[in-house]
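**Q** Dropping in structure_16.pdb, with PDB, C-alpha atoms and all ligand atoms.
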```
MODEL        1
ATOM      1  CA  MET A   1      47.703 -38.880 -47.072
ATOM      2  CA  TRP A   2      45.995 -42.265 -47.235
ATOM      3  CA  LYS A   3      47.823 -44.706 -49.463
ATOM      4  CA  VAL A   4      45.583 -45.648 -52.361
ATOM      5  CA  THR A   5      45.554 -47.871 -55.434
ATOM      6  CA  ASN A   6      43.801 -47.491 -58.765
ATOM      7  CA  GLU A   7      43.992 -50.974 -60.283
ATOM      8  CA  LYS A   8      40.441 -51.261 -61.607
ATOM      9  CA  ASN A   9      40.533 -47.927 -63.423
ATOM     10  CA  LYS A  10      43.969 -48.772 -64.733
ATOM     11  CA  ARG A  11      42.426 -51.524 -66.853
ATOM     12  CA  TYR A  12      40.288 -48.978 -68.677
ATOM     13  CA  LEU A  13      42.819 -46.193 -68.880
ATOM     14  CA  ASN A  14      45.663 -48.394 -70.079
ATOM     15  CA  GLU A  15      43.453 -49.637 -72.871
ATOM     16  CA  PHE A  16      42.600 -46.030 -73.720
ATOM     17  CA  ARG A  17      46.296 -45.338 -74.022
ATOM     18  CA  LYS A  18      47.123 -48.448 -76.023
ATOM     19  CA  LYS A  19      44.290 -48.078 -78.525
ATOM     20  CA  LEU A  20      43.978 -44.328 -78.689
ATOM     21  CA  ILE A  21      46.746 -42.131 -77.287
ATOM     22  CA  ASP A  22      49.823 -44.101 -78.378
ATOM     23  CA  PRO A  23      48.596 -44.672 -81.965
ATOM     24  CA  PHE A  24      47.384 -41.068 -82.171
ATOM     25  CA  MET A  25      50.788 -39.695 -81.151
ATOM     26  CA  LYS A  26      52.713 -41.915 -83.538
ATOM     27  CA  GLU A  27      50.369 -41.475 -86.481
ATOM     28  CA  ILE A  28      50.661 -37.698 -86.230
ATOM     29  CA  LEU A  29      54.424 -38.016 -86.673
ATOM     30  CA  ASN A  30      54.007 -40.363 -89.589
ATOM     31  CA  TYR A  31      51.423 -38.079 -91.179
ATOM     32  CA  LYS A  32      53.875 -35.187 -90.850
ATOM     33  CA  LEU A  33      56.577 -37.280 -92.519
ATOM     34  CA  LYS A  34      54.249 -37.922 -95.466
ATOM     35  CA  GLU A  35      52.911 -34.408 -95.608
ATOM     36  CA  ASN A  36      53.465 -34.008 -99.330
ATOM     37  CA  LYS A  37      51.414 -37.062-100.049
ATOM     38  CA  PHE A  38      48.230 -36.258 -98.130
ATOM     39  CA  LEU A  39      46.216 -33.099 -97.973
ATOM     40  CA  LEU A  40      44.228 -33.999 -94.866
ATOM     41  CA  PHE A  41      44.618 -36.379 -91.945
ATOM     42  CA  SER A  42      41.390 -38.130 -92.984
ATOM     43  CA  ASN A  43      42.988 -38.961 -96.377
ATOM     44  CA  TYR A  44      45.981 -40.390 -94.570
ATOM     45  CA  LEU A  45      43.717 -42.316 -92.183
ATOM     46  CA  ASN A  46      41.941 -43.982 -95.108
ATOM     47  CA  SER A  47      45.160 -44.890 -96.878
ATOM     48  CA  ASN A  48      47.243 -48.020 -96.460
ATOM     49  CA  GLU A  49      50.135 -45.928 -95.066
ATOM     50  CA  PHE A  50      48.302 -45.789 -91.779
ATOM     51  CA  ILE A  51      50.200 -47.978 -89.315
ATOM     52  CA  PHE A  52      47.819 -48.918 -86.487
ATOM     53  CA  ASP A  53      45.133 -50.868 -88.308
ATOM     54  CA  ASP A  54      43.460 -51.962 -85.073
ATOM     55  CA  SER A  55      42.871 -48.362 -84.088
ATOM     56  CA  LYS A  56      41.674 -47.155 -87.469
ATOM     57  CA  GLU A  57      37.931 -47.268 -86.750
ATOM     58  CA  LEU A  58      38.482 -45.666 -83.368
ATOM     59  CA  LEU A  59      40.509 -42.803 -84.828
ATOM     60  CA  LYS A  60      37.789 -42.220 -87.427
ATOM     61  CA  VAL A  61      35.373 -41.623 -84.547
ATOM     62  CA  VAL A  62      37.985 -39.525 -82.748
ATOM     63  CA  ILE A  63      38.543 -37.048 -85.574
ATOM     64  CA  SER A  64      34.809 -36.562 -86.119
ATOM     65  CA  ILE A  65      34.102 -35.360 -82.573
ATOM     66  CA  LYS A  66      33.698 -31.630 -82.026
ATOM     67  CA  LYS A  67      34.533 -29.604 -78.944
ATOM     68  CA  ASP A  68      33.732 -25.881 -78.772
ATOM     69  CA  GLY A  69      32.855 -25.904 -82.462
ATOM     70  CA  LYS A  70      36.177 -27.396 -83.580
ATOM     71  CA  LYS A  71      36.990 -30.949 -84.561
ATOM     72  CA  ILE A  72      40.135 -32.603 -83.322
ATOM     73  CA  GLU A  73      41.079 -32.940 -86.999
ATOM     74  CA  ASN A  74      41.421 -29.142 -87.193
ATOM     75  CA  TYR A  75      44.036 -29.313 -84.455
ATOM     76  CA  ILE A  76      45.880 -32.126 -86.212
ATOM     77  CA  GLU A  77      46.165 -29.949 -89.336
ATOM     78  CA  GLU A  78      47.590 -27.165 -87.190
ATOM     79  CA  LEU A  79      50.159 -29.574 -85.785
ATOM     80  CA  LYS A  80      51.155 -30.565 -89.313
ATOM     81  CA  LYS A  81      52.266 -26.985 -89.945
ATOM     82  CA  LYS A  82      54.882 -27.251 -87.195
ATOM     83  CA  ASP A  83      58.461 -28.275 -87.670
ATOM     84  CA  LEU A  84      59.153 -32.025 -87.718
ATOM     85  CA  LEU A  85      61.954 -31.863 -85.153
ATOM     86  CA  TYR A  86      59.701 -29.895 -82.855
ATOM     87  CA  LEU A  87      56.986 -32.560 -83.112
ATOM     88  CA  ILE A  88      59.502 -35.308 -82.459
ATOM     89  CA  ASN A  89      60.686 -33.431 -79.393
ATOM     90  CA  GLN A  90      57.090 -33.146 -78.132
ATOM     91  CA  TYR A  91      56.580 -36.841 -78.744
ATOM     92  CA  ASN A  92      59.702 -37.611 -76.724
ATOM     93  CA  ILE A  93      58.390 -35.535 -73.830
ATOM     94  CA  TYR A  94      55.123 -37.499 -73.961
ATOM     95  CA  GLN A  95      56.995 -40.797 -73.850
ATOM     96  CA  LYS A  96      59.429 -39.775 -71.152
ATOM     97  CA  GLN A  97      56.751 -38.402 -68.812
ATOM     98  CA  THR A  98      54.451 -41.381 -69.334
ATOM     99  CA  LYS A  99      57.266 -43.823 -68.639
ATOM    100  CA  SER A 100      58.238 -41.939 -65.508
ATOM    101  CA  LEU A 101      54.705 -42.119 -64.110
ATOM    102  CA  ASP A 102      54.430 -45.804 -65.082
ATOM    103  CA  ASP A 103      57.411 -46.268 -62.755
ATOM    104  CA  MET A 104      55.708 -44.157 -60.042
ATOM    105  CA  ASN A 105      58.369 -41.499 -60.316
ATOM    106  CA  TYR A 106      56.552 -38.224 -59.633
ATOM    107  CA  ASN A 107      59.681 -36.096 -59.799
ATOM    108  CA  ILE A 108      59.068 -34.950 -63.344
ATOM    109  CA  VAL A 109      60.668 -31.670 -64.297
ATOM    110  CA  PHE A 110      58.340 -29.260 -66.084
ATOM    111  CA  GLU A 111      58.806 -29.097 -69.851
ATOM    112  CA  TYR A 112      56.898 -26.938 -72.270
ATOM    113  CA  VAL A 113      54.042 -28.733 -74.017
ATOM    114  CA  ASP A 114      52.523 -27.138 -77.111
ATOM    115  CA  GLU A 115      49.098 -25.495 -76.649
ATOM    116  CA  ILE A 116      47.617 -27.726 -79.357
ATOM    117  CA  TYR A 117      48.673 -30.890 -77.550
ATOM    118  CA  LYS A 118      47.376 -29.339 -74.345
ATOM    119  CA  THR A 119      43.963 -28.841 -75.962
ATOM    120  CA  ILE A 120      43.927 -32.350 -77.381
ATOM    121  CA  PHE A 121      44.831 -34.052 -74.105
ATOM    122  CA  SER A 122      42.878 -31.856 -71.762
ATOM    123  CA  ARG A 123      39.775 -30.753 -73.657
ATOM    124  CA  PHE A 124      39.349 -33.761 -75.944
ATOM    125  CA  PHE A 125      40.845 -36.804 -74.223
ATOM    126  CA  TYR A 126      40.016 -35.939 -70.611
ATOM    127  CA  GLN A 127      36.977 -33.653 -70.757
ATOM    128  CA  THR A 128      35.165 -35.052 -73.772
ATOM    129  CA  PHE A 129      36.260 -38.599 -74.559
ATOM    130  CA  PHE A 130      36.229 -39.795 -70.944
ATOM    131  CA  THR A 131      32.444 -39.627 -70.963
ATOM    132  CA  ASP A 132      31.837 -40.513 -74.614
ATOM    133  CA  LYS A 133      30.202 -43.913 -75.078
ATOM    134  CA  ARG A 134      31.242 -44.157 -78.742
ATOM    135  CA  ILE A 135      34.898 -43.819 -77.834
ATOM    136  CA  TRP A 136      34.796 -46.402 -75.036
ATOM    137  CA  HIS A 137      32.746 -48.758 -77.166
ATOM    138  CA  GLU A 138      35.341 -48.622 -79.944
ATOM    139  CA  ILE A 139      38.145 -49.196 -77.433
ATOM    140  CA  ASN A 140      36.418 -52.262 -76.033
ATOM    141  CA  SER A 141      32.741 -53.148 -76.492
ATOM    142  CA  GLN A 142      32.588 -54.128 -72.798
ATOM    143  CA  PHE A 143      33.702 -50.654 -71.724
ATOM    144  CA  SER A 144      30.722 -48.761 -73.196
ATOM    145  CA  ASN A 145      29.378 -47.604 -69.839
ATOM    146  CA  TYR A 146      32.655 -46.408 -68.432
ATOM    147  CA  ASN A 147      32.787 -42.715 -67.492
ATOM    148  CA  ARG A 148      34.005 -40.375 -64.755
ATOM    149  CA  LEU A 149      31.265 -41.429 -62.354
ATOM    150  CA  GLU A 150      32.317 -45.041 -62.807
ATOM    151  CA  PHE A 151      35.906 -43.996 -62.139
ATOM    152  CA  HIS A 152      34.889 -42.631 -58.729
ATOM    153  CA  HIS A 153      32.841 -45.736 -57.899
ATOM    154  CA  ASN A 154      35.769 -47.997 -58.739
ATOM    155  CA  PHE A 155      38.234 -45.878 -56.823
ATOM    156  CA  LYS A 156      36.141 -45.684 -53.651
ATOM    157  CA  LYS A 157      35.230 -49.358 -53.724
ATOM    158  CA  GLU A 158      38.779 -50.524 -54.330
ATOM    159  CA  ASN A 159      40.150 -48.401 -51.498
ATOM    160  CA  ASP A 160      37.149 -48.981 -49.237
ATOM    161  CA  MET A 161      37.048 -45.330 -48.360
ATOM    162  CA  SER A 162      34.845 -42.284 -48.381
ATOM    163  CA  ILE A 163      37.415 -39.825 -47.016
ATOM    164  CA  CYS A 164      39.557 -37.600 -49.158
ATOM    165  CA  PRO A 165      42.923 -39.383 -49.505
ATOM    166  CA  TYR A 166      44.688 -36.027 -49.853
ATOM    167  CA  CYS A 167      43.625 -34.143 -46.729
ATOM    168  CA  ASP A 168      41.847 -36.686 -44.452
ATOM    169  CA  ILE A 169      39.444 -33.885 -43.478
ATOM    170  CA  ASP A 170      36.492 -34.039 -45.843
ATOM    171  CA  THR A 171      34.552 -36.912 -47.342
ATOM    172  CA  ILE A 172      34.197 -37.979 -50.947
ATOM    173  CA  THR A 173      30.834 -39.670 -50.528
ATOM    174  CA  SER A 174      28.930 -37.459 -52.948
ATOM    175  CA  ASP A 175      28.596 -38.596 -56.551
ATOM    176  CA  GLY A 176      27.687 -35.069 -57.608
ATOM    177  CA  ASN A 177      31.250 -34.051 -58.226
ATOM    178  CA  VAL A 178      32.409 -35.948 -61.281
ATOM    179  CA  ILE A 179      35.588 -33.971 -61.711
ATOM    180  CA  ILE A 180      38.601 -36.198 -61.275
ATOM    181  CA  GLU A 181      41.561 -34.679 -59.552
ATOM    182  CA  HIS A 182      44.890 -34.615 -61.392
ATOM    183  CA  TYR A 183      47.728 -35.018 -58.934
ATOM    184  CA  MET A 184      50.172 -33.517 -61.422
ATOM    185  CA  PRO A 185      48.190 -30.557 -62.776
ATOM    186  CA  LYS A 186      46.975 -31.118 -66.328
ATOM    187  CA  ASP A 187      47.693 -27.534 -67.179
ATOM    188  CA  LYS A 188      51.415 -28.118 -66.625
ATOM    189  CA  TYR A 189      51.552 -31.823 -67.498
ATOM    190  CA  PRO A 190      48.818 -32.269 -70.134
ATOM    191  CA  PHE A 191      50.420 -35.467 -71.481
ATOM    192  CA  LEU A 192      49.561 -37.075 -68.113
ATOM    193  CA  ALA A 193      45.897 -36.038 -68.139
ATOM    194  CA  MET A 194      44.719 -39.641 -68.655
ATOM    195  CA  HIS A 195      47.389 -41.511 -66.714
ATOM    196  CA  PRO A 196      45.924 -43.819 -64.011
ATOM    197  CA  ASN A 197      48.754 -42.973 -61.593
ATOM    198  CA  ASN A 198      47.788 -39.332 -61.871
ATOM    199  CA  LEU A 199      44.012 -39.566 -61.340
ATOM    200  CA  ILE A 200      42.390 -39.608 -57.929
ATOM    201  CA  SER A 201      39.023 -39.025 -56.205
ATOM    202  CA  ALA A 202      39.471 -36.047 -53.895
ATOM    203  CA  CYS A 203      37.166 -33.816 -51.873
ATOM    204  CA  TYR A 204      35.868 -30.549 -53.253
ATOM    205  CA  GLY A 205      38.235 -28.591 -51.017
ATOM    206  CA  CYS A 206      41.292 -30.320 -52.470
ATOM    207  CA  ASN A 207      40.130 -30.528 -56.053
ATOM    208  CA  GLY A 208      41.716 -28.307 -58.647
ATOM    209  CA  SER A 209      43.189 -24.870 -58.261
ATOM    210  CA  HIS A 210      40.942 -23.648 -55.428
ATOM    211  CA  GLY A 211      42.174 -26.325 -53.064
ATOM    212  CA  LYS A 212      45.663 -26.880 -54.379
ATOM    213  CA  SER A 213      48.599 -24.736 -55.228
ATOM    214  CA  ILE A 214      48.904 -24.022 -58.933
ATOM    215  CA  ASP A 215      52.565 -24.930 -58.588
ATOM    216  CA  TYR A 216      53.935 -28.432 -58.543
ATOM    217  CA  TYR A 217      56.912 -28.943 -56.255
ATOM    218  CA  ILE A 218      59.771 -31.393 -56.674
ATOM    219  CA  PRO A 219      60.878 -33.671 -55.016
ATOM    220  CA  ILE A 220      57.502 -35.055 -54.107
ATOM    221  CA  THR A 221      55.830 -38.344 -53.263
ATOM    222  CA  SER A 222      52.213 -39.339 -53.868
ATOM    223  CA  PRO A 223      49.323 -41.189 -52.185
ATOM    224  CA  PHE A 224      49.883 -43.924 -54.767
ATOM    225  CA  LYS A 225      53.346 -44.499 -53.309
ATOM    226  CA  LYS A 226      53.020 -44.255 -49.548
ATOM    227  CA  GLN A 227      50.769 -43.557 -46.579
ATOM    228  CA  ILE A 228      51.896 -39.962 -46.193
ATOM    229  CA  GLY A 229      49.682 -39.344 -43.141
ATOM    230  CA  ASP A 230      51.973 -41.550 -41.059
ATOM    231  CA  GLU A 231      54.869 -39.198 -41.739
ATOM    232  CA  ILE A 232      53.186 -35.953 -40.765
ATOM    233  CA  ILE A 233      53.259 -34.735 -37.166
ATOM    234  CA  PHE A 234      50.219 -32.872 -35.885
ATOM    235  CA  ASP A 235      50.284 -30.619 -32.817
ATOM    236  CA  LEU A 236      47.452 -28.955 -30.957
ATOM    237  CA  ASP A 237      47.720 -25.256 -30.261
ATOM    238  CA  ASN A 238      45.149 -24.977 -27.504
ATOM    239  CA  THR A 239      45.592 -21.233 -27.078
ATOM    240  CA  ASN A 240      44.805 -20.345 -30.665
ATOM    241  CA  LYS A 241      42.550 -23.345 -31.263
ATOM    242  CA  LYS A 242      44.574 -24.580 -34.193
ATOM    243  CA  VAL A 243      46.063 -27.802 -35.437
ATOM    244  CA  ILE A 244      49.656 -27.256 -36.491
ATOM    245  CA  LEU A 245      51.299 -29.481 -39.080
ATOM    246  CA  ARG A 246      54.952 -30.421 -38.997
ATOM    247  CA  SER A 247      56.807 -32.743 -41.295
ATOM    248  CA  THR A 248      59.565 -35.100 -40.327
ATOM    249  CA  CYS A 249      62.221 -33.079 -42.154
ATOM    250  CA  ASN A 250      61.451 -34.880 -45.353
ATOM    251  CA  GLU A 251      61.398 -32.618 -48.390
ATOM    252  CA  GLU A 252      59.001 -34.871 -50.308
ATOM    253  CA  ILE A 253      56.450 -34.682 -47.503
ATOM    254  CA  ASP A 254      56.956 -30.927 -47.057
ATOM    255  CA  ASN A 255      56.234 -30.374 -50.736
ATOM    256  CA  TYR A 256      53.119 -32.520 -50.510
ATOM    257  CA  ILE A 257      51.877 -30.413 -47.568
ATOM    258  CA  LYS A 258      52.696 -27.220 -49.456
ATOM    259  CA  MET A 259      51.059 -28.268 -52.715
ATOM    260  CA  LEU A 260      47.810 -29.326 -51.034
ATOM    261  CA  LYS A 261      47.826 -26.319 -48.692
ATOM    262  CA  LEU A 262      47.373 -28.699 -45.762
ATOM    263  CA  LYS A 263      48.712 -26.285 -43.141
ATOM    264  CA  GLU A 264      45.968 -23.803 -44.025
ATOM    265  CA  LYS A 265      43.307 -26.504 -44.094
ATOM    266  CA  TYR A 266      44.214 -27.819 -40.646
ATOM    267  CA  GLU A 267      44.301 -24.350 -39.094
ATOM    268  CA  SER A 268      40.521 -24.063 -39.264
ATOM    269  CA  GLU A 269      38.783 -23.966 -35.890
ATOM    270  CA  SER A 270      36.308 -26.658 -36.899
ATOM    271  CA  VAL A 271      39.167 -29.109 -37.475
ATOM    272  CA  PHE A 272      40.485 -28.238 -34.020
ATOM    273  CA  ASN A 273      37.061 -28.822 -32.455
ATOM    274  CA  ILE A 274      36.549 -32.210 -34.101
ATOM    275  CA  LEU A 275      39.972 -33.313 -32.936
ATOM    276  CA  ASN A 276      39.275 -32.121 -29.412
ATOM    277  CA  ASN A 277      36.008 -34.065 -29.260
ATOM    278  CA  LYS A 278      37.686 -37.171 -30.532
ATOM    279  CA  SER A 279      40.256 -36.880 -27.767
ATOM    280  CA  LYS A 280      37.545 -36.972 -25.124
ATOM    281  CA  GLN A 281      36.157 -40.220 -26.507
ATOM    282  CA  ILE A 282      39.584 -41.815 -26.607
ATOM    283  CA  PHE A 283      40.685 -40.612 -23.189
ATOM    284  CA  ARG A 284      37.428 -41.774 -21.649
ATOM    285  CA  LEU A 285      38.267 -45.237 -22.957
ATOM    286  CA  CYS A 286      41.811 -44.992 -21.655
ATOM    287  CA  TRP A 287      40.550 -43.842 -18.264
ATOM    288  CA  ASN A 288      38.244 -46.849 -18.020
ATOM    289  CA  PHE A 289      41.035 -49.201 -18.914
ATOM    290  CA  GLU A 290      43.750 -47.499 -16.976
ATOM    291  CA  ASN A 291      44.055 -50.047 -14.153
ATOM    292  CA  MET A 292      44.270 -52.840 -16.626
ATOM    293  CA  CYS A 293      46.900 -51.137 -18.688
ATOM    294  CA  ASN A 294      49.144 -50.448 -15.782
ATOM    295  CA  GLU A 295      49.017 -46.686 -15.891
ATOM    296  CA  ARG A 296      50.031 -46.315 -19.455
ATOM    297  CA  ILE A 297      48.011 -45.645 -22.541
ATOM    298  CA  ASP A 298      47.686 -48.944 -24.178
ATOM    299  CA  GLU A 299      48.960 -48.782 -27.713
ATOM    300  CA  ILE A 300      46.586 -51.556 -28.667
ATOM    301  CA  LEU A 301      43.634 -49.552 -27.462
ATOM    302  CA  PHE A 302      44.728 -46.698 -29.672
ATOM    303  CA  GLU A 303      45.225 -48.928 -32.641
ATOM    304  CA  ASP A 304      41.854 -50.632 -32.190
ATOM    305  CA  TYR A 305      40.052 -47.414 -31.723
ATOM    306  CA  LEU A 306      41.685 -45.440 -34.442
ATOM    307  CA  LEU A 307      43.112 -47.576 -37.121
ATOM    308  CA  PHE A 308      41.277 -48.634 -40.229
ATOM    309  CA  LYS A 309      38.037 -47.033 -39.255
ATOM    310  CA  LYS A 310      38.857 -44.609 -42.044
ATOM    311  CA  GLU A 311      37.163 -41.739 -40.349
ATOM    312  CA  PRO A 312      38.170 -38.163 -41.071
ATOM    313  CA  LEU A 313      41.202 -36.906 -39.139
ATOM    314  CA  THR A 314      42.522 -40.367 -38.382
ATOM    315  CA  PHE A 315      46.165 -39.327 -38.820
ATOM    316  CA  ALA A 316      45.832 -36.142 -36.797
ATOM    317  CA  THR A 317      44.108 -38.056 -33.999
ATOM    318  CA  LYS A 318      46.763 -40.741 -33.982
ATOM    319  CA  SER A 319      49.579 -38.255 -34.003
ATOM    320  CA  VAL A 320      48.212 -35.917 -31.346
ATOM    321  CA  TYR A 321      46.754 -38.359 -28.856
ATOM    322  CA  ARG A 322      49.549 -40.813 -28.849
ATOM    323  CA  ASP A 323      51.341 -38.129 -26.927
ATOM    324  CA  ILE A 324      51.103 -38.952 -23.222
ATOM    325  CA  VAL A 325      51.192 -35.262 -22.283
ATOM    326  CA  TYR A 326      47.721 -34.701 -23.646
ATOM    327  CA  TYR A 327      46.400 -37.617 -21.638
ATOM    328  CA  GLU A 328      48.010 -36.351 -18.466
ATOM    329  CA  ASN A 329      46.384 -32.971 -19.061
ATOM    330  CA  TYR A 330      43.071 -34.688 -19.553
ATOM    331  CA  LYS A 331      43.404 -36.545 -16.244
ATOM    332  CA  ARG A 332      44.300 -33.307 -14.471
ATOM    333  CA  SER A 333      41.216 -31.666 -15.923
ATOM    334  CA  LEU A 334      39.082 -34.519 -14.551
ATOM    335  CA  SER A 335      40.481 -34.225 -11.038
ATOM    336  CA  LYS A 336      39.847 -30.476 -10.864
TER     337      LYS A 336
HETATM  338 ZN    ZN A 401      40.594 -33.186 -49.383
ENDMDL
END
```
Could you rewrite the structure in this file as structure tokens?

**A**
Amino acid sequence: MWKVTNEKNKRYLNEFRKKLIDPFMKEILNYKLKENKFLLFSNYLNSNEFIFDDSKELLKVVISIKKDGKKIENYIEELKKKDLLYLINQYNIYQKQTKSLDDMNYNIVFEYVDEIYKTIFSRFFYQTFFTDKRIWHEINSQFSNYNRLEFHHNFKKENDMSICPYCDIDTITSDGNVIIEHYMPKDKYPFLAMHPNNLISACYGCNGSHGKSIDYYIPITSPFKKQIGDEIIFDLDNTNKKVILRSTCNEEIDNYIKMLKLKEKYESESVFNILNNKSKQIFRLCWNFENMCNERIDEILFEDYLLFKKEPLTFATKSVYRDIVYYENYKRSLSK
């Protein structure tokens, strides 16, 4: 729900796309077109029919790397057996989805992506190549040390935050978890598995299928587009000791809440207790300042106290305790 950027990582990932993914996708089509001429992709790669000369050495490294006992070249040969029109159609899906995410349009309708492409993008590009020094070195000799850990460092530093931008409940301070969260699930949108506008550092509770719905809902917005936390309303249910989430009748926000299972996450009693303790600190401040602020909760006090501290539950605290009713209740409880 925090708005975030990913500019530093974009420099690496865009280069990955320019030198590796784009040439790879186009060369597979060209290889298919010349299928009678070459027996294997490696023959084609060594010939002068190969288009992307600058990526030649990189693709030689690429096809030599094994994952689960199989080289990526084996998968390329399997792709060659498919129909040309089918491959062109898959290529068009890749281009269309990539372009859409370049433009920050997250409303991408699901389209079937072949299992082979899924394996290449997910198991090779994301899981294996992301942490392979040889690959990054070939892309740019200055990028040799880039990996998933570095991604998290860049992301946290750039956004000056250690809280999960999805839920605003847990922290992302630990370096132990080097899994990068895919906003649009890579199982459904494998072509976007390396897109910088799709990769985010999230807490363990929000990462992957255990913390997120396996479905992707449209229309939707994203933390790369707006500060979603400002558009969610939080209520305290004192009887049941729960924090209740409401949206502002905006379908994009509702789908975000649904996908990240935020209602369930905020219903935990520990979230309620943290929020309750925060209220006491804030109201104590308000109480001290009350004469000065002419019997109203000074908005500035709230803003100073809450904003940009980037503590967990900032949005819930802002939403709940801006409500004068809670403060009046607090004062009544003091006078008892
Ligand atoms: Zn989270």

**Q** Taking only C-alpha atoms and all ligand atoms into account, report as a ChimeraX atom specification which residues have an atom no farther than 6 Å from an atom of ligand ZN 401 (chain A).

**A** /A:164,166-167,170,202-203,205-206

**Q** Could the residues in this selection be written to a file with C-alpha atoms, as a short mmCIF file (atom, residue, chain, number, x, y, z; two decimals), keeping the file's coordinate frame?

**A**
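Contents of out-v6.cif, as written:
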```cif
data_model
loop_
_atom_site.label_atom_id
_atom_site.label_comp_id
_atom_site.auth_asym_id
_atom_site.auth_seq_id
_atom_site.Cartn_x
_atom_site.Cartn_y
_atom_site.Cartn_z
CA CYS A 164 39.56 -37.60 -49.16
CA TYR A 166 44.69 -36.03 -49.85
CA CYS A 167 43.62 -34.14 -46.73
CA ASP A 170 36.49 -34.04 -45.84
CA ALA A 202 39.47 -36.05 -53.90
CA CYS A 203 37.17 -33.82 -51.87
CA GLY A 205 38.24 -28.59 -51.02
CA CYS A 206 41.29 -30.32 -52.47
#
```

**Q** With all atoms listed in the file as the atoms that count, which of A:Tyr44, A:Tyr321, A:Phe124, A:Phe234 lies nearest to Ile65 in chain A?

**A**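 When distances to Ile65 in chain A are compared using all atoms listed in the file, the smallest one comes from A:Phe124.
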
**Q** Using all atoms listed in the file, which of A:Ile228, A:Leu313, A:Leu39, A:Ile51 sits nearest Ile253 in chain A?

**A** A:Ile228

**Q** Write out as an NGL selection string the residues lying within 10 Å of Asn255 in chain A, counting all atoms listed in the file and excluding same-chain residues fewer than 3 positions away.

**A** :A and (216-221 or 247 or 250-252 or 258-261)

**Q** Could you tell me, as a count of residues only, exactly which residues end up selected when the PyMOL selection byres (((chain A and resi 105) around 10) and not hetatm) is applied to this structure?

**A** 17

**Q** Set the distance at 10 Å and use all atoms listed in the file: which residues neighbour Glu111 in chain A once local chain neighbours fewer than 6 positions away are removed? I'd like the list as a CSV table (one decimal) with C-alpha atoms, in the coordinates of the input.

**A**
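Okay, this is what ended up in out.csv:
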```csv
chain,number,residue,atom,x,y,z
A,90,GLN,CA,57.1,-33.1,-78.1
A,93,ILE,CA,58.4,-35.5,-73.8
A,97,GLN,CA,56.8,-38.4,-68.8
A,188,LYS,CA,51.4,-28.1,-66.6
A,189,TYR,CA,51.6,-31.8,-67.5
```

**Q** CA of Leu285 in chain A to CA of Asp160 in chain A: how many Å, to one decimal?

**A** 26.6 Å

**Q** So what does the PyMOL selection byres (((chain A and resi 246) around 9) and not hetatm) actually pick up in this one, as a ChimeraX atom specification?

**A** /A:232-235,244-245,247-249,254,263

**Q** When you count only C-alpha atoms, which of these residues is closest to Glu73 in chain A: A:Tyr183, A:Phe143, A:Phe24, A:Phe16?

**A**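 Distance minimum relative to Glu73 in chain A lands on A:Phe24.
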
**Q** Exactly which residues make up the result of the PyMOL selection byres (((chain A and resi 195) around 8) and not hetatm) on this file, given as a ChimeraX atom specification?

**A** /A:13-14,98,101,192-194,196-199

**Q** Can I get range 107-117 of chain A with N, CA and C atoms filled in, as a PDB file, in the coordinates of the input?

**A**
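Resulting contents of part24.pdb:
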```
ATOM      1  N   ASN A 107      58.754 -37.229 -59.712  1.00  0.00           N
ATOM      2  CA  ASN A 107      59.681 -36.096 -59.799  1.00  0.00           C
ATOM      3  C   ASN A 107      59.962 -35.770 -61.259  1.00  0.00           C
ATOM      4  N   ILE A 108      58.958 -35.244 -61.924  1.00  0.00           N
ATOM      5  CA  ILE A 108      59.068 -34.950 -63.344  1.00  0.00           C
ATOM      6  C   ILE A 108      59.230 -33.443 -63.529  1.00  0.00           C
ATOM      7  N   VAL A 109      60.365 -33.092 -64.093  1.00  0.00           N
ATOM      8  CA  VAL A 109      60.668 -31.670 -64.297  1.00  0.00           C
ATOM      9  C   VAL A 109      59.728 -31.108 -65.369  1.00  0.00           C
ATOM     10  N   PHE A 110      59.252 -29.891 -65.135  1.00  0.00           N
ATOM     11  CA  PHE A 110      58.340 -29.260 -66.084  1.00  0.00           C
ATOM     12  C   PHE A 110      59.029 -29.041 -67.436  1.00  0.00           C
ATOM     13  N   GLU A 111      58.321 -29.399 -68.504  1.00  0.00           N
ATOM     14  CA  GLU A 111      58.806 -29.097 -69.851  1.00  0.00           C
ATOM     15  C   GLU A 111      57.643 -28.532 -70.648  1.00  0.00           C
ATOM     16  N   TYR A 112      57.956 -27.605 -71.511  1.00  0.00           N
ATOM     17  CA  TYR A 112      56.898 -26.938 -72.270  1.00  0.00           C
ATOM     18  C   TYR A 112      56.173 -27.919 -73.205  1.00  0.00           C
ATOM     19  N   VAL A 113      54.849 -27.927 -73.102  1.00  0.00           N
ATOM     20  CA  VAL A 113      54.042 -28.733 -74.017  1.00  0.00           C
ATOM     21  C   VAL A 113      53.202 -27.771 -74.862  1.00  0.00           C
ATOM     22  N   ASP A 114      53.218 -28.013 -76.163  1.00  0.00           N
ATOM     23  CA  ASP A 114      52.523 -27.138 -77.111  1.00  0.00           C
ATOM     24  C   ASP A 114      51.033 -26.993 -76.754  1.00  0.00           C
ATOM     25  N   GLU A 115      50.510 -25.773 -76.965  1.00  0.00           N
ATOM     26  CA  GLU A 115      49.098 -25.495 -76.649  1.00  0.00           C
ATOM     27  C   GLU A 115      48.146 -26.443 -77.385  1.00  0.00           C
ATOM     28  N   ILE A 116      48.507 -26.838 -78.581  1.00  0.00           N
ATOM     29  CA  ILE A 116      47.617 -27.726 -79.357  1.00  0.00           C
ATOM     30  C   ILE A 116      47.535 -29.101 -78.684  1.00  0.00           C
ATOM     31  N   TYR A 117      48.688 -29.608 -78.272  1.00  0.00           N
ATOM     32  CA  TYR A 117      48.673 -30.890 -77.550  1.00  0.00           C
ATOM     33  C   TYR A 117      47.912 -30.749 -76.235  1.00  0.00           C
TER      34      TYR A 117
END
```
